[in-house]
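Structure file entry-v7.pdb; described as PDB, C-alpha atoms.
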ATOM      1  CA  MET Z1397     104.086 130.124 129.220  1.00  0.00           C
ATOM      2  CA  ASN Z1398     104.257 126.442 130.130  1.00  0.00           C
ATOM      3  CA  THR Z1399     104.038 123.592 127.592  1.00  0.00           C
ATOM      4  CA  THR Z1400     100.399 122.785 128.366  1.00  0.00           C
ATOM      5  CA  MET Z1401      99.349 126.379 127.709  1.00  0.00           C
ATOM      6  CA  LYS Z1402     101.246 126.315 124.416  1.00  0.00           C
ATOM      7  CA  LYS Z1403      99.699 122.999 123.332  1.00  0.00           C
ATOM      8  CA  PHE Z1404      96.178 124.336 123.866  1.00  0.00           C
ATOM      9  CA  GLY Z1405      96.861 127.427 121.744  1.00  0.00           C
ATOM     10  CA  TYR Z1406      97.678 130.166 124.238  1.00  0.00           C
ATOM     11  CA  PRO Z1407      97.397 133.121 123.675  1.00  0.00           C
ATOM     12  CA  ASP Z1408      95.132 132.745 120.605  1.00  0.00           C
ATOM     13  CA  THR Z1409      92.550 130.587 122.415  1.00  0.00           C
ATOM     14  CA  CYS Z1410      92.610 132.583 125.667  1.00  0.00           C
ATOM     15  CA  LEU Z1411      89.196 133.616 126.930  1.00  0.00           C
ATOM     16  CA  LYS Z1412      90.464 135.045 130.227  1.00  0.00           C
ATOM     17  CA  ASP Z1413      93.868 135.639 131.810  1.00  0.00           C
ATOM     18  CA  PHE Z1414      94.174 135.479 135.571  1.00  0.00           C
ATOM     19  CA  SER Z1415      97.208 136.012 137.756  1.00  0.00           C
ATOM     20  CA  GLN Z1416      97.870 132.281 138.296  1.00  0.00           C
ATOM     21  CA  TRP Z1417      95.578 130.634 135.708  1.00  0.00           C
ATOM     22  CA  VAL Z1418      94.332 130.938 132.135  1.00  0.00           C
ATOM     23  CA  VAL Z1419      91.018 129.823 130.633  1.00  0.00           C
ATOM     24  CA  LEU Z1420      91.292 128.623 127.044  1.00  0.00           C
ATOM     25  CA  LEU Z1421      88.735 127.376 124.555  1.00  0.00           C
ATOM     26  CA  ARG Z1422      89.436 123.684 124.073  1.00  0.00           C
ATOM     27  CA  PRO Z1423      90.413 122.880 120.449  1.00  0.00           C
ATOM     28  CA  GLN Z1424      88.240 119.761 120.468  1.00  0.00           C
ATOM     29  CA  GLN Z1425      84.719 120.551 121.550  1.00  0.00           C
ATOM     30  CA  VAL Z1426      83.717 117.461 123.527  1.00  0.00           C
ATOM     31  CA  THR Z1427      80.534 119.424 124.148  1.00  0.00           C
ATOM     32  CA  LEU Z1428      79.624 122.973 123.217  1.00  0.00           C
ATOM     33  CA  GLY Z1429      81.801 125.403 125.170  1.00  0.00           C
ATOM     34  CA  SER Z1430      84.470 122.935 126.332  1.00  0.00           C
ATOM     35  CA  LEU Z1431      87.371 124.753 127.995  1.00  0.00           C
ATOM     36  CA  VAL Z1432      90.771 124.132 129.543  1.00  0.00           C
ATOM     37  CA  LEU Z1433      91.712 125.792 132.843  1.00  0.00           C
ATOM     38  CA  ILE Z1434      95.521 125.801 133.127  1.00  0.00           C
ATOM     39  CA  CYS Z1435      97.756 126.850 136.005  1.00  0.00           C
ATOM     40  CA  ARG Z1436     100.544 129.141 134.793  1.00  0.00           C
ATOM     41  CA  GLU Z1437     103.034 127.493 137.152  1.00  0.00           C
ATOM     42  CA  GLU Z1438     105.334 124.613 136.192  1.00  0.00           C
ATOM     43  CA  ALA Z1439     103.680 122.349 138.806  1.00  0.00           C
ATOM     44  CA  THR Z1440     103.006 118.796 137.642  1.00  0.00           C
ATOM     45  CA  ALA Z1441     100.911 117.779 140.666  1.00  0.00           C
ATOM     46  CA  PHE Z1442      97.918 119.595 142.154  1.00  0.00           C
ATOM     47  CA  SER Z1443      99.625 119.592 145.561  1.00  0.00           C
ATOM     48  CA  GLN Z1444     102.563 121.534 144.072  1.00  0.00           C
ATOM     49  CA  ILE Z1445     100.664 124.668 143.049  1.00  0.00           C
ATOM     50  CA  SER Z1446     101.214 127.775 145.139  1.00  0.00           C
ATOM     51  CA  ALA Z1447      98.904 129.089 147.836  1.00  0.00           C
ATOM     52  CA  ASP Z1448      98.154 132.029 145.526  1.00  0.00           C
ATOM     53  CA  ALA Z1449      96.983 129.642 142.798  1.00  0.00           C
ATOM     54  CA  PHE Z1450      94.714 127.789 145.250  1.00  0.00           C
ATOM     55  CA  LYS Z1451      93.334 131.074 146.552  1.00  0.00           C
ATOM     56  CA  GLU Z1452      92.449 132.325 143.069  1.00  0.00           C
ATOM     57  CA  LEU Z1453      90.684 129.120 141.962  1.00  0.00           C
ATOM     58  CA  PRO Z1454      87.192 129.550 143.548  1.00  0.00           C
ATOM     59  CA  GLY Z1455      86.647 132.929 141.878  1.00  0.00           C
ATOM     60  CA  ILE Z1456      87.723 131.564 138.506  1.00  0.00           C
ATOM     61  CA  ILE Z1457      85.350 128.608 138.829  1.00  0.00           C
ATOM     62  CA  ARG Z1458      82.484 131.006 139.602  1.00  0.00           C
ATOM     63  CA  GLU Z1459      83.353 133.039 136.490  1.00  0.00           C
ATOM     64  CA  ILE Z1460      83.545 129.946 134.299  1.00  0.00           C
ATOM     65  CA  GLU Z1461      80.252 128.525 135.515  1.00  0.00           C
ATOM     66  CA  THR Z1462      78.396 131.837 135.322  1.00  0.00           C
ATOM     67  CA  SER Z1463      79.776 132.697 131.878  1.00  0.00           C
ATOM     68  CA  VAL Z1464      79.278 129.291 130.248  1.00  0.00           C
ATOM     69  CA  SER Z1465      75.823 128.879 131.809  1.00  0.00           C
ATOM     70  CA  ARG Z1466      74.651 132.252 130.590  1.00  0.00           C
ATOM     71  CA  THR Z1467      76.164 131.649 127.137  1.00  0.00           C
ATOM     72  CA  PHE Z1468      75.064 128.064 126.462  1.00  0.00           C
ATOM     73  CA  GLY Z1469      72.744 126.983 129.320  1.00  0.00           C
ATOM     74  CA  TYR Z1470      74.457 123.738 130.279  1.00  0.00           C
ATOM     75  CA  SER Z1471      72.733 121.118 132.470  1.00  0.00           C
ATOM     76  CA  LYS Z1472      75.837 120.197 134.534  1.00  0.00           C
ATOM     77  CA  ILE Z1473      79.557 120.883 134.335  1.00  0.00           C
ATOM     78  CA  ASN Z1474      82.508 118.503 134.796  1.00  0.00           C
ATOM     79  CA  TYR Z1475      86.099 119.340 135.724  1.00  0.00           C
ATOM     80  CA  LEU Z1476      88.550 116.629 134.708  1.00  0.00           C
ATOM     81  CA  MET Z1477      92.149 116.764 135.949  1.00  0.00           C
ATOM     82  CA  LEU Z1478      93.783 114.038 133.888  1.00  0.00           C
ATOM     83  CA  MET Z1479      97.386 115.233 133.278  1.00  0.00           C
ATOM     84  CA  MET Z1480      98.385 112.006 131.537  1.00  0.00           C
ATOM     85  CA  VAL Z1481      99.731 113.607 128.352  1.00  0.00           C
ATOM     86  CA  ASP Z1482     100.084 117.300 129.230  1.00  0.00           C
ATOM     87  CA  PRO Z1483     102.198 117.603 132.374  1.00  0.00           C
ATOM     88  CA  GLU Z1484     101.283 120.909 134.028  1.00  0.00           C
ATOM     89  CA  VAL Z1485      98.275 121.234 136.332  1.00  0.00           C
ATOM     90  CA  HIS Z1486      95.123 121.783 134.305  1.00  0.00           C
ATOM     91  CA  PHE Z1487      91.451 120.879 134.149  1.00  0.00           C
ATOM     92  CA  HIS Z1488      89.348 120.008 131.136  1.00  0.00           C
ATOM     93  CA  VAL Z1489      86.088 121.864 131.752  1.00  0.00           C
ATOM     94  CA  ILE Z1490      83.255 120.050 130.033  1.00  0.00           C
ATOM     95  CA  PRO Z1491      79.747 121.564 130.058  1.00  0.00           C
ATOM     96  CA  ARG Z1492      77.169 118.770 129.995  1.00  0.00           C
ATOM     97  CA  TYR Z1493      73.876 118.820 128.115  1.00  0.00           C
ATOM     98  CA  ASP Z1494      70.864 116.567 128.500  1.00  0.00           C
ATOM     99  CA  THR Z1495      69.708 117.446 124.969  1.00  0.00           C
ATOM    100  CA  PRO Z1496      71.600 118.426 121.797  1.00  0.00           C
ATOM    101  CA  ARG Z1497      72.343 122.137 121.318  1.00  0.00           C
ATOM    102  CA  LEU Z1498      72.149 124.050 118.062  1.00  0.00           C
ATOM    103  CA  PHE Z1499      74.777 126.760 117.694  1.00  0.00           C
ATOM    104  CA  SER Z1500      76.033 128.507 114.559  1.00  0.00           C
ATOM    105  CA  GLN Z1501      73.901 126.185 112.418  1.00  0.00           C
ATOM    106  CA  GLN Z1502      75.622 123.114 113.892  1.00  0.00           C
ATOM    107  CA  GLN Z1503      74.155 120.465 116.155  1.00  0.00           C
ATOM    108  CA  PHE Z1504      76.307 119.720 119.238  1.00  0.00           C
ATOM    109  CA  PHE Z1505      75.891 116.456 121.114  1.00  0.00           C
ATOM    110  CA  ASP Z1506      76.933 115.291 124.565  1.00  0.00           C
ATOM    111  CA  HIS Z1507      77.767 111.726 123.554  1.00  0.00           C
ATOM    112  CA  GLY Z1508      78.290 110.547 127.124  1.00  0.00           C
ATOM    113  CA  TRP Z1509      75.186 111.982 128.782  1.00  0.00           C
ATOM    114  CA  PRO Z1510      74.230 111.035 131.479  1.00  0.00           C
ATOM    115  CA  GLY Z1511      77.496 109.158 132.087  1.00  0.00           C
ATOM    116  CA  PRO Z1512      81.089 110.395 131.959  1.00  0.00           C
ATOM    117  CA  PRO Z1513      82.061 112.667 129.069  1.00  0.00           C
ATOM    118  CA  GLN Z1514      83.481 110.878 126.038  1.00  0.00           C
ATOM    119  CA  LEU Z1515      86.652 112.828 125.296  1.00  0.00           C
ATOM    120  CA  LYS Z1516      87.441 110.827 122.154  1.00  0.00           C
ATOM    121  CA  ASN Z1517      84.000 111.454 120.677  1.00  0.00           C
ATOM    122  CA  SER Z1518      84.021 115.242 120.292  1.00  0.00           C
ATOM    123  CA  ASN Z1519      81.956 117.462 118.014  1.00  0.00           C
ATOM    124  CA  ASP Z1520      83.978 118.347 114.921  1.00  0.00           C
ATOM    125  CA  THR Z1521      83.959 122.062 114.199  1.00  0.00           C
ATOM    126  CA  SER Z1522      85.271 124.127 111.333  1.00  0.00           C
ATOM    127  CA  GLU Z1523      87.705 126.935 112.137  1.00  0.00           C
ATOM    128  CA  GLU Z1524      84.856 129.379 111.497  1.00  0.00           C
ATOM    129  CA  VAL Z1525      82.499 127.690 113.982  1.00  0.00           C
ATOM    130  CA  HIS Z1526      85.316 127.355 116.530  1.00  0.00           C
ATOM    131  CA  GLN Z1527      86.016 131.088 116.216  1.00  0.00           C
ATOM    132  CA  THR Z1528      82.300 131.858 116.592  1.00  0.00           C
ATOM    133  CA  ILE Z1529      82.166 129.804 119.820  1.00  0.00           C
ATOM    134  CA  PHE Z1530      85.248 131.691 121.058  1.00  0.00           C
ATOM    135  CA  SER Z1531      83.788 135.108 120.204  1.00  0.00           C
ATOM    136  CA  HIS Z1532      80.398 134.265 121.700  1.00  0.00           C
ATOM    137  CA  LEU Z1533      81.955 133.113 124.982  1.00  0.00           C
ATOM    138  CA  LYS Z1534      84.348 136.068 125.123  1.00  0.00           C
ATOM    139  CA  ASN Z1535      81.497 138.544 124.533  1.00  0.00           C
ATOM    140  CA  ASN Z1536      79.354 136.907 127.223  1.00  0.00           C
ATOM    141  CA  TRP Z1537      82.120 136.484 129.821  1.00  0.00           C
ATOM    142  CA  ILE Z1538      81.276 138.141 133.112  1.00  0.00           C
ATOM    143  CA  LEU Z1539      83.561 141.012 134.001  1.00  0.00           C
TER     144      LEU Z1539
END

Conversion result in structure tokens:
Amino acid sequence: MNTTMKKFGYPDTCLKDFSQWVVLLRPQQVTLGSLVLICREEATAFSQISADAFKELPGIIREIETSVSRTFGYSKINYLMLMMVDPEVHFHVIPRYDTPRLFSQQQFFDHGWPGPPQLKNSNDTSEEVHQTIFSHLKNNWIL
């Protein structure tokens, strides 16, 4: 487990394990269903990941988009590879919504729509709501 995986709560937040990657529920929900896609390797630049990691990526992206779309019905989806604080290769996966979404009796906003996502302006969630998002995504993940 690399440091980025650990920071984002692996294995407790893991929605899906792949050979070279993991998909985790993001602790801060920028928008409903925000995820982190993290390469298991110690690579700190996208060009450093293995051929196996590159080969696995398109299938994972299809799974993410199908699963999150069917679970929450996003309008668009953004993949942000920032790696300014957390060193290993990873993407913040931010579903985008043109209207607020109600889930688990909480209103979720996309504060940046239609512009770039506002990472510092996330939707605060209780541990209970966060766990409900996790369970709902996990139960609706394509197999």

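The point (78.3, 141.6, 136.0) has these residues within 12 Å of it, counting all atoms listed in the file: Arg1458, Glu1459, Thr1462, Ser1463, Arg1466, Asn1536, Trp1537, Ile1538 and Leu1539 of chain Z.
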
Generate the output file for the selected residues, C-alpha atoms, as an mmCIF file, keeping the file's coordinate frame.
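Output saved as again-v6.cif:
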data_model
loop_
_atom_site.group_PDB
_atom_site.id
_atom_site.type_symbol
_atom_site.label_atom_id
_atom_site.label_comp_id
_atom_site.auth_asym_id
_atom_site.auth_seq_id
_atom_site.Cartn_x
_atom_site.Cartn_y
_atom_site.Cartn_z
ATOM 1 C CA ARG Z 1458 82.484 131.006 139.602
ATOM 2 C CA GLU Z 1459 83.353 133.039 136.490
ATOM 3 C CA THR Z 1462 78.396 131.837 135.322
ATOM 4 C CA SER Z 1463 79.776 132.697 131.878
ATOM 5 C CA ARG Z 1466 74.651 132.252 130.590
ATOM 6 C CA ASN Z 1536 79.354 136.907 127.223
ATOM 7 C CA TRP Z 1537 82.120 136.484 129.821
ATOM 8 C CA ILE Z 1538 81.276 138.141 133.112
ATOM 9 C CA LEU Z 1539 83.561 141.012 134.001
#

Residues matched by the PyMOL selection byres ((chain Z and resi 1498-1504) around 10) as an mmCIF file with C-alpha atoms, in the coordinates of the input:
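Contents of the output file result14.cif:
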data_model
loop_
_atom_site.group_PDB
_atom_site.id
_atom_site.type_symbol
_atom_site.label_atom_id
_atom_site.label_comp_id
_atom_site.auth_asym_id
_atom_site.auth_seq_id
_atom_site.Cartn_x
_atom_site.Cartn_y
_atom_site.Cartn_z
ATOM 1 C CA GLN Z 1425 84.719 120.551 121.550
ATOM 2 C CA VAL Z 1426 83.717 117.461 123.527
ATOM 3 C CA THR Z 1427 80.534 119.424 124.148
ATOM 4 C CA LEU Z 1428 79.624 122.973 123.217
ATOM 5 C CA GLY Z 1429 81.801 125.403 125.170
ATOM 6 C CA PHE Z 1468 75.064 128.064 126.462
ATOM 7 C CA TYR Z 1493 73.876 118.820 128.115
ATOM 8 C CA THR Z 1495 69.708 117.446 124.969
ATOM 9 C CA PRO Z 1496 71.600 118.426 121.797
ATOM 10 C CA ARG Z 1497 72.343 122.137 121.318
ATOM 11 C CA PHE Z 1505 75.891 116.456 121.114
ATOM 12 C CA ASP Z 1506 76.933 115.291 124.565
ATOM 13 C CA HIS Z 1507 77.767 111.726 123.554
ATOM 14 C CA SER Z 1518 84.021 115.242 120.292
ATOM 15 C CA ASN Z 1519 81.956 117.462 118.014
ATOM 16 C CA ASP Z 1520 83.978 118.347 114.921
ATOM 17 C CA THR Z 1521 83.959 122.062 114.199
ATOM 18 C CA GLU Z 1524 84.856 129.379 111.497
ATOM 19 C CA VAL Z 1525 82.499 127.690 113.982
ATOM 20 C CA HIS Z 1526 85.316 127.355 116.530
ATOM 21 C CA THR Z 1528 82.300 131.858 116.592
ATOM 22 C CA ILE Z 1529 82.166 129.804 119.820
#

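If you look at atom CA of Asp1408 of chain Z and atom CA of Gly1469 of chain Z, they are 24.7 Å away from each other.
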
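Here the question is which of Z:Cys1410, Z:His1532, Z:Glu1437, Z:Pro1491 gets nearest to Phe1450 of chain Z using all atoms listed in the file, and that residue is Z:Glu1437.
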
List as CSV every residue of segment 1446-1511 of chain Z that is in contact with segment 1418-1423 of chain Z, defined as an atom at most 9 Å from one of its atoms (using only C-alpha atoms), together with the nearest atom pair and the distance in Å rounded to one decimal, sorted by chain and then rising number.
residue,atom,partner,partner_atom,distance
Z:Ile1456,CA,Z:Val1419,CA,8.7
Z:Ile1460,CA,Z:Val1419,CA,8.3
Z:His1488,CA,Z:Arg1422,CA,8.0
Z:Val1489,CA,Z:Arg1422,CA,8.6

Checklist entry - Near segment 1470-1486 of chain Z, counting only C-alpha atoms, which residues have an atom at most 8 Å away, once you skip same-chain residues fewer than 2 positions from it, shown as a PyMOL selection string? => result chain Z and resi 1398-1400+1432-1435+1437-1442+1445+1461+1464-1465+1468+1488-1494

Next on the checklist: What does the structure give for the distance between atom CA of Ser1415 of chain Z and atom CA of Ile1457 of chain Z, in Å to one decimal?
Outcome noted: 14.0 Å

Next on the checklist: Using Å and a single decimal, report how far atom CA of Lys1534 of chain Z sits from atom CA of Met1397 of chain Z.
Outcome noted: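 Computing it gives 21.0 Å between the two atoms.
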
Next on the checklist: Could you check the closest approach to Pro1454 of chain Z for each of Z:Trp1417, Z:Lys1403, Z:Trp1509, Z:Asn1535 and tell me which residue wins, using only C-alpha atoms?
Outcome noted: Z:Trp1417

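Take the candidates Z:Gln1444, Z:Gly1508, Z:Leu1411, Z:Phe1487 and check each one against Phe1530 of chain Z using only C-alpha atoms; the shortest distance goes to Z:Leu1411.
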
Checklist entry - Using only C-alpha atoms, which residue out of Z:Phe1404, Z:Gly1511, Z:Gln1416, Z:Asn1517 lies closest to Lys1451 of chain Z? => result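 Closest residue, counting only C-alpha atoms: Z:Gln1416.
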